[in-house]
Structures are given as structure tokens and as C-alpha cells.
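Q: Next up is a structure, given as C-alpha cells.
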Amino acid sequence: MDKLILPDNQPLDNVQTEAEDLPVISQRIHDIIEVLNNFKEQGDHERGRFAYVEQLIKDMATYYGYSEFLLEKLFNIFSTSEALEFFEANEVSRPITIRTNTLRTRRRELAQSLINRGVSLEPIGKWSKVGLTIFDSTVSIGATPEYLAGHYILQSASSFLPVMALAPQENEKILDMASAPGGKSTHIAALMKNTGIIFANDSNKVRTKGLVSNIHRLGVKNTVICNYDGREFPTVLGGFDRVLLDAPCSGTGVISKDPSIKINKTEKDFIILPHLQKELLLSAIDSVDSKSSTGGYIVYSTCSITVEENEAVVNYALKKRPNVKLVSTGLDFGKEGFTKQYLSSFPESN
Ligand SMILES: C[S@@+](CC[C@H](N)C(=O)[O-])C[C@H]1O[C@@H](n2cnc3c(N)ncnc32)[C@H](O)[C@@H]1O
């Protein structure tokens, strides 16, 4: 490859970023990554790696349509080639997936009914007994008779995982602290076979309407819906066998679903949200009955990938509540979270 010349002799702000330059920018992204991967031979040592990384961040922000602030933040989580894969993946829409509501039907029966309606589908994977991936459909998946009868819910495959990790048992008392619109609460109810009691809480009253309708449609009968700020627990109610905190977050893990995240998150969000998440997690911990004969577990989940909303929140809670320890999720796939990042180290689960 010819030596890559960064657009250095003009102020970087003058680098053209018009839509018609996107192929040029894309080419430069790949070229810079190649140089960074082989900096000794191909890099301009006078300017140093930093100049290339700086240009790469600008180019990626333009090419993928992110604010430079967010792009840099996400870029720093990954190696350069992983970052490229991540930004590329966010441009591709994820397949539609549904979760069979085992309170109403079985996956095999549901699959057959949908196939009869012209839906092309497949089980999600070996790890789920209830998920189906929809490839193609002649009917609207959110309006079939099976949907209206509550035989399934549209839910991303990754949203199954927090509930699988929570592993609620029949007859337990469970708190879903931030539950609207109820994708996970209704999954918990199904695993508990409508026994015991679930408190499905959300601080946003408007969002609890969707929660109510999902609970009715899916035939959930063991759930009390409540509308508190999660931080009011356990003053409102405590002594739970298990608590799920599916926390409000920046959504950086679901950009393919909501591209507005690319530009509407600011530095402030990454201060306010982690602060709230930490307070909610302490409340979740304090709401659990540590002497529960069947449980004593908390699951903390977000749909964000930033360290300050995930590992750092858990780390904070472990420091504030030294009687709490990390345990395995019981899921035998996926990757460990970060154990080292930004000069911090986080405990690994055991
Ligand atoms: C990620 S969503 C929950 C999704 C839900 N668990 C599901 O699976 O359908 C986060 C929720 O947290 C709620 N929330 C935000 N701040 C809260 C707070 N202080 N206490 C309780 N809920 C809160 C939001 O209204 C939002 O519905």
C-alpha cells in the first residue's frame, strides 16, 4: 500500500465530510486501521499513532453518523478492529425474534400455527427453549391471532438472558424493579408458572400502561403492578427472594434498533445514568432477603455496553455492600464482562 497521508496540512475541521465523500472516508478508515495494525512499518512516526486515531475517530463519526463524543467513547471500549465490527453491526437490523408464552402454548405448536400463516421461522438456538427467529412473513407478526391471544411476545433474544440468569423459582416473591413494558416480568411469570408473586414496578406511569396490557394479553395472574421510584424500595416493600434490575440506561447496545442514540447522548447522560443505576442497585440489594431459602439473588442488566453503566456500577455496589458477592449467571455461553478497563480492575464472578 502507498504511504497513507493524513489530511494534516489543512486544519482537520476542513476535512470534507459531505455525503459524496463517504466512499473516500470509508477507504481512509480502512487504510488508517491497516496502518495502525502495522504502525512500525507504515506509520508516520513524526506525527505518531495519536494523529491516526484522532483522524479515525473523526472519520468513523462522519461515516457512521455518530457524535464525535459518543463515537470516541465507544471506540475506546474496543480494539480498533472490534470497534469497526461494532459500528458496522449497528448498521444492520437484527432479526425479529419472539418468545413463546409457555403460560398459553408450547413452542412447537406456536411455530406450526405461524408456519401455516406463511411465516418462515426457526428456533433461536440451543440455549433457548422458547425463542423463535422470524426470517420472513406475509403477515404482520404483531397482529396475528396467536399474538392477540398472547401466545408470544416480540422480544430480542438478548432480553431473555437476564431472566434466565435470575432463574425465578415457583412460589417465590420477586421484584422486577424497572419493568415496563413487561417483556421480562411476563417471562418471569411464565417460568414461575403463574405461582408465587411478582411485583412489576416502573417509575413511569405512562409506560405501565403497556405493562398492564402485556400482562393481560399473556395471561399473567401472579403479578402486582406498581409505580414507585425504584429507589423507594425496600421502604415500600422488601424481603424478596430475587430482584431483577433491568436498569434505565443509555442504550448503546441497541443502536441498530434506535439510531437516534448516535447523536442524542451527551457527557451528562454518562454521569446522571450511572448515578441513578448505582442508587437503584443498592435499593435492589437492600430489597432482597439474604436468608431466602430458595433465592437471595439479584440480576443487574442494561442494554448499554459502557463500562460506567455496567462493571463500574456493580463494582460500586460490591464496595458499598460487602456482604454481597458475585456469582455465575449459570449461562454457559457469551463472554465475561471487562475485568480491567481504564486502569480500574473489576472482580470476576466465581
Ligand atoms: C430498560 S427499561 C425496562 C424494560 C423492561 N425490563 C422490559 O423487559 O420490558 C428501563 C425502565 O426503567 C424505568 N425507570 C427509569 N427510572 C426509574 C426509577 N428511578 N425507578 C424505577 N424505574 C425506573 C423506565 O421507565 C423504563 O421503563
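Residues are referred to by chain and number: the chain letter is A, B, ... according to the order shown in the C-alpha cells, the number counts from 1 in that chain, and ligands are numbered separately from 1 in the order shown.
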Applying 8 Å and only C-alpha atoms, which residues near range 76-82 of chain A remain after dropping the ones on its own chain fewer than 4 positions away? List them as an MDAnalysis selection string.
A: chainID A and resid 33 72 86 306:307
Q: Could you save those same residues with C-alpha atoms as a PDB file, in the first residue's frame?
A:
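Saved to result-v1.pdb:
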```pdb
ATOM      1  CA  ILE A  33      -6.730   0.757  10.528  1.00  0.00           C
ATOM      2  CA  GLU A  72     -14.849   8.149  20.818  1.00  0.00           C
ATOM      3  CA  PHE A  86     -19.243  -2.970  16.296  1.00  0.00           C
ATOM      4  CA  THR A 306     -20.380   1.229  28.537  1.00  0.00           C
ATOM      5  CA  VAL A 307     -18.229   0.287  31.485  1.00  0.00           C
TER       6      VAL A 307
END
```
Q: How would you write, as number ranges by chain, the set of residues in range 81-226 of chain A that DSSP gives as strand (DSSP E)?
A: A: 96-100, 119-123, 131-137, 152-154, 173-176, 197-201, 223-226
Q: Print the selection's residues with N, CA and C atoms to a file, as a tab-separated table (two decimals), in the first residue's frame.
A:
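Okay, this is what ended up in part.tsv:
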```tsv
chain	number	residue	atom	x	y	z
A	96	ILE	N	-36.05	-10.29	13.61
A	96	ILE	CA	-37.17	-10.26	14.57
A	96	ILE	C	-37.15	-11.58	15.34
A	97	THR	N	-37.26	-11.47	16.64
A	97	THR	CA	-37.36	-12.70	17.44
A	97	THR	C	-38.58	-12.61	18.34
A	98	ILE	N	-39.15	-13.77	18.65
A	98	ILE	CA	-40.30	-13.80	19.55
A	98	ILE	C	-40.05	-14.82	20.66
A	99	ARG	N	-40.71	-14.60	21.78
A	99	ARG	CA	-40.63	-15.56	22.89
A	99	ARG	C	-41.99	-16.21	23.06
A	100	THR	N	-42.00	-17.54	23.01
A	100	THR	CA	-43.24	-18.28	23.23
A	100	THR	C	-43.70	-18.05	24.65
A	119	VAL	N	-45.39	-17.80	7.81
A	119	VAL	CA	-44.22	-17.22	8.47
A	119	VAL	C	-43.05	-18.20	8.34
A	120	SER	N	-41.90	-17.66	7.97
A	120	SER	CA	-40.71	-18.51	7.90
A	120	SER	C	-39.90	-18.27	9.18
A	121	LEU	N	-39.64	-19.33	9.91
A	121	LEU	CA	-39.02	-19.17	11.23
A	121	LEU	C	-38.14	-20.35	11.59
A	122	GLU	N	-37.42	-20.18	12.69
A	122	GLU	CA	-36.51	-21.23	13.17
A	122	GLU	C	-36.31	-21.02	14.67
A	123	PRO	N	-36.07	-22.10	15.44
A	123	PRO	CA	-35.73	-21.88	16.87
A	123	PRO	C	-34.49	-20.99	16.98
A	131	GLY	N	-37.56	-19.40	22.29
A	131	GLY	CA	-37.36	-18.35	21.30
A	131	GLY	C	-37.51	-18.84	19.87
A	132	LEU	N	-38.02	-17.97	19.02
A	132	LEU	CA	-38.09	-18.24	17.58
A	132	LEU	C	-37.56	-17.03	16.83
A	133	THR	N	-36.77	-17.28	15.79
A	133	THR	CA	-36.33	-16.20	14.91
A	133	THR	C	-37.24	-16.19	13.69
A	134	ILE	N	-37.72	-15.00	13.35
A	134	ILE	CA	-38.60	-14.86	12.18
A	134	ILE	C	-37.75	-14.34	11.01
A	135	PHE	N	-37.74	-15.05	9.93
A	135	PHE	CA	-36.96	-14.62	8.76
A	135	PHE	C	-37.80	-13.82	7.78
A	136	ASP	N	-39.00	-14.27	7.63
A	136	ASP	CA	-39.84	-13.68	6.59
A	136	ASP	C	-41.29	-13.94	6.97
A	137	SER	N	-42.16	-13.02	6.60
A	137	SER	CA	-43.56	-13.26	6.94
A	137	SER	C	-44.47	-12.53	5.98
A	152	TYR	N	-47.39	-15.35	22.23
A	152	TYR	CA	-45.98	-14.93	22.17
A	152	TYR	C	-45.86	-13.43	22.36
A	153	ILE	N	-44.62	-13.02	22.57
A	153	ILE	CA	-44.30	-11.59	22.69
A	153	ILE	C	-43.09	-11.32	21.79
A	154	LEU	N	-43.07	-10.18	21.14
A	154	LEU	CA	-41.88	-9.81	20.37
A	154	LEU	C	-40.81	-9.37	21.37
A	173	LYS	N	-41.15	-14.85	45.85
A	173	LYS	CA	-41.59	-13.45	45.81
A	173	LYS	C	-40.48	-12.66	45.09
A	174	ILE	N	-40.88	-12.08	43.94
A	174	ILE	CA	-39.87	-11.48	43.05
A	174	ILE	C	-40.18	-10.00	42.83
A	175	LEU	N	-39.14	-9.20	42.78
A	175	LEU	CA	-39.29	-7.79	42.40
A	175	LEU	C	-38.62	-7.55	41.05
A	176	ASP	N	-39.41	-7.01	40.10
A	176	ASP	CA	-38.83	-6.52	38.83
A	176	ASP	C	-38.88	-5.01	38.96
A	197	ILE	N	-45.46	-14.64	43.69
A	197	ILE	CA	-45.91	-13.25	43.42
A	197	ILE	C	-44.76	-12.42	42.85
A	198	ILE	N	-45.12	-11.65	41.82
A	198	ILE	CA	-44.15	-10.74	41.21
A	198	ILE	C	-44.64	-9.31	41.44
A	199	PHE	N	-43.76	-8.45	41.89
A	199	PHE	CA	-44.06	-7.02	41.90
A	199	PHE	C	-43.36	-6.42	40.70
A	200	ALA	N	-44.16	-6.01	39.72
A	200	ALA	CA	-43.61	-5.41	38.49
A	200	ALA	C	-43.73	-3.90	38.65
A	201	ASN	N	-42.59	-3.27	38.91
A	201	ASN	CA	-42.58	-1.83	39.22
A	201	ASN	C	-41.99	-1.03	38.06
A	223	THR	N	-49.04	-11.24	39.26
A	223	THR	CA	-48.25	-10.01	39.27
A	223	THR	C	-49.03	-8.80	39.77
A	224	VAL	N	-48.35	-8.06	40.63
A	224	VAL	CA	-48.88	-6.78	41.10
A	224	VAL	C	-48.08	-5.69	40.39
A	225	ILE	N	-48.78	-4.77	39.76
A	225	ILE	CA	-48.06	-3.68	39.07
A	225	ILE	C	-47.96	-2.49	40.02
A	226	CYS	N	-46.78	-1.95	40.15
A	226	CYS	CA	-46.67	-0.75	40.99
A	226	CYS	C	-45.82	0.33	40.34
```
Q: Which residue gives the smallest distance to Pro145 in chain A among A:Ala167, A:Arg217, A:Leu211, A:Pro347, with only C-alpha atoms counted?
A: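 Looking only at the distances to Pro145 in chain A, the closest residue turns out to be A:Arg217.
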Q: Would you tabulate, counting only C-alpha atoms and all ligand atoms, all residues of chain A that have an atom at most 10 Å from an atom of ligand 1, showing the closest pair of atoms and their distance in Å to one decimal, sorted by chain then ascending number, as CSV?
A:
```
residue,atom,partner,partner_atom_place_in_ligand_line,distance
A:Gln155,CA,ligand 1,8 (O),8.4
A:Ser156,CA,ligand 1,8 (O),9.6
A:Ser159,CA,ligand 1,8 (O),6.7
A:Phe160,CA,ligand 1,8 (O),8.7
A:Pro162,CA,ligand 1,8 (O),9.0
A:Val163,CA,ligand 1,8 (O),9.1
A:Asp176,CA,ligand 1,6 (N),7.3
A:Met177,CA,ligand 1,21 (C),5.8
A:Ala178,CA,ligand 1,22 (N),4.0
A:Ser179,CA,ligand 1,6 (N),3.9
A:Ala180,CA,ligand 1,27 (O),4.3
A:Pro181,CA,ligand 1,9 (O),4.2
A:Gly182,CA,ligand 1,9 (O),3.9
A:Gly183,CA,ligand 1,9 (O),3.8
A:Lys184,CA,ligand 1,8 (O),4.1
A:Ser185,CA,ligand 1,8 (O),6.7
A:Thr186,CA,ligand 1,8 (O),8.5
A:His187,CA,ligand 1,8 (O),8.8
A:Ala200,CA,ligand 1,6 (N),9.0
A:Asn201,CA,ligand 1,21 (C),6.5
A:Asp202,CA,ligand 1,22 (N),4.1
A:Ser203,CA,ligand 1,21 (C),4.2
A:Asn204,CA,ligand 1,25 (O),4.5
A:Lys205,CA,ligand 1,25 (O),7.9
A:Val206,CA,ligand 1,25 (O),8.4
A:Arg207,CA,ligand 1,27 (O),6.1
A:Thr208,CA,ligand 1,27 (O),7.8
A:Gly210,CA,ligand 1,9 (O),9.1
A:Leu211,CA,ligand 1,9 (O),7.7
A:Asn214,CA,ligand 1,9 (O),9.6
A:Cys226,CA,ligand 1,21 (C),9.7
A:Asn227,CA,ligand 1,21 (C),7.7
A:Tyr228,CA,ligand 1,21 (C),6.3
A:Asp229,CA,ligand 1,20 (N),3.8
A:Gly230,CA,ligand 1,20 (N),3.6
A:Arg231,CA,ligand 1,19 (N),6.0
A:Glu232,CA,ligand 1,20 (N),8.2
A:Phe233,CA,ligand 1,20 (N),9.3
A:Leu244,CA,ligand 1,6 (N),8.2
A:Leu245,CA,ligand 1,6 (N),7.5
A:Asp246,CA,ligand 1,6 (N),4.9
A:Ala247,CA,ligand 1,10 (C),5.0
A:Pro248,CA,ligand 1,10 (C),3.9
A:Cys249,CA,ligand 1,1 (C),6.6
A:Ser250,CA,ligand 1,1 (C),9.3
A:Gly251,CA,ligand 1,1 (C),8.2
A:Leu273,CA,ligand 1,16 (N),9.1
A:Leu276,CA,ligand 1,19 (N),6.9
A:Gln277,CA,ligand 1,19 (N),8.3
A:Glu279,CA,ligand 1,19 (N),8.6
A:Leu280,CA,ligand 1,19 (N),6.8
A:Ser283,CA,ligand 1,20 (N),10.0
A:Ser301,CA,ligand 1,1 (C),8.4
A:Thr302,CA,ligand 1,1 (C),6.4
A:Cys303,CA,ligand 1,1 (C),6.8
A:Ser304,CA,ligand 1,1 (C),9.4
```
Q: Using only C-alpha atoms, find the one residue out of A:Ser26, A:Ser93, A:Gln55, A:Asn101 that sits nearest to Glu68 in chain A.
A: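 Closest candidate: A:Gln55.
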Q: Using only C-alpha atoms, find the one residue out of A:Arg94, A:Lys278, A:Lys291, A:His151 that sits nearest to Lys319 in chain A.
A: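 With only C-alpha atoms as the atom set, the closest residue is A:Lys278.
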Q: Could you write out, as a PyMOL selection string, all the residues of range 53-183 of chain A that DSSP marks as alpha helix (DSSP H)?
A: chain A and resi 53-64+68-75+80-89+107-116+145-148+160-166+183
Q: Looking at only C-alpha atoms, which of A:Leu4, A:Val212, A:Leu36, A:Val220 is the one that sits closest to Thr102 in chain A?
A: A:Val220
Q: Closest to Leu84 in chain A among A:Ile29, A:Val35, A:Leu237, A:Asp21, using only C-alpha atoms?
A: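 Of the candidates, the smallest distance to Leu84 in chain A is held by A:Ile29.
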Q: When you look at Gly239 in chain A with a cut-off of 12 Å (counting only C-alpha atoms), what residues show up, excluding the ones that are within fewer than 2 positions of it in the same chain? I need them as a list in words.
A: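 Those residues are Glu172, Lys173, Ile174, Leu175, Phe199, Phe233, Pro234, Thr235, Val236, Leu237, Asp241, Arg242, Val243, Ser283, Ala284, Ile285, Asp286, Ser287, Val288, Asp289, Ser290, Lys291, Ser292, Ser293, Gly295, Gly296 and Tyr297 of chain A.
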Q: Any idea what's packed within 9 Å of Leu70 in chain A, counting only C-alpha atoms, ignoring anything in its chain fewer than 2 positions away? Could you give it as a short mmCIF file (atom, residue, chain, number, x, y, z; two decimals) with N, CA and C atoms, in the first residue's frame?
A:
```cif
data_model
loop_
_atom_site.label_atom_id
_atom_site.label_comp_id
_atom_site.auth_asym_id
_atom_site.auth_seq_id
_atom_site.Cartn_x
_atom_site.Cartn_y
_atom_site.Cartn_z
N ALA A 61 -16.98 8.80 12.94
CA ALA A 61 -18.15 9.57 13.39
C ALA A 61 -18.93 10.08 12.17
N TYR A 66 -22.34 9.33 13.95
CA TYR A 66 -22.36 9.49 15.42
C TYR A 66 -21.83 10.87 15.79
N SER A 67 -22.19 11.31 17.00
CA SER A 67 -21.48 12.47 17.53
C SER A 67 -20.05 12.00 17.81
N GLU A 68 -19.10 12.93 17.67
CA GLU A 68 -17.71 12.52 17.93
C GLU A 68 -17.54 12.07 19.38
N GLU A 72 -16.13 8.33 20.12
CA GLU A 72 -14.85 8.15 20.82
C GLU A 72 -15.03 7.28 22.06
N LYS A 73 -16.12 7.53 22.76
CA LYS A 73 -16.41 6.77 23.98
C LYS A 73 -16.52 5.27 23.66
N LEU A 74 -17.26 4.95 22.61
CA LEU A 74 -17.47 3.55 22.25
C LEU A 74 -16.19 2.95 21.65
N PHE A 75 -15.51 3.77 20.86
CA PHE A 75 -14.25 3.34 20.23
C PHE A 75 -13.26 2.86 21.30
N ILE A 261 -29.78 7.30 19.18
CA ILE A 261 -28.78 7.26 20.27
C ILE A 261 -27.42 7.77 19.77
N LYS A 262 -27.16 7.59 18.47
CA LYS A 262 -25.87 8.01 17.90
C LYS A 262 -25.57 9.48 18.15
N ILE A 263 -26.61 10.27 18.20
CA ILE A 263 -26.35 11.71 18.33
C ILE A 263 -26.97 12.36 19.57
N LYS A 265 -26.91 11.37 22.83
CA LYS A 265 -26.32 11.14 24.16
C LYS A 265 -25.17 12.12 24.39
N THR A 266 -25.18 12.70 25.58
CA THR A 266 -24.12 13.66 25.90
C THR A 266 -23.34 13.17 27.12
N GLU A 267 -22.29 13.89 27.41
CA GLU A 267 -21.46 13.55 28.56
C GLU A 267 -22.30 13.46 29.84
#
```
Q: Looking at only C-alpha atoms, which of A:Gly150, A:Val53, A:Val313, A:Ala89 is the one that sits closest to Ser213 in chain A?
A: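 Nearest candidate to Ser213 in chain A out of A:Gly150, A:Val53, A:Val313, A:Ala89: A:Gly150.
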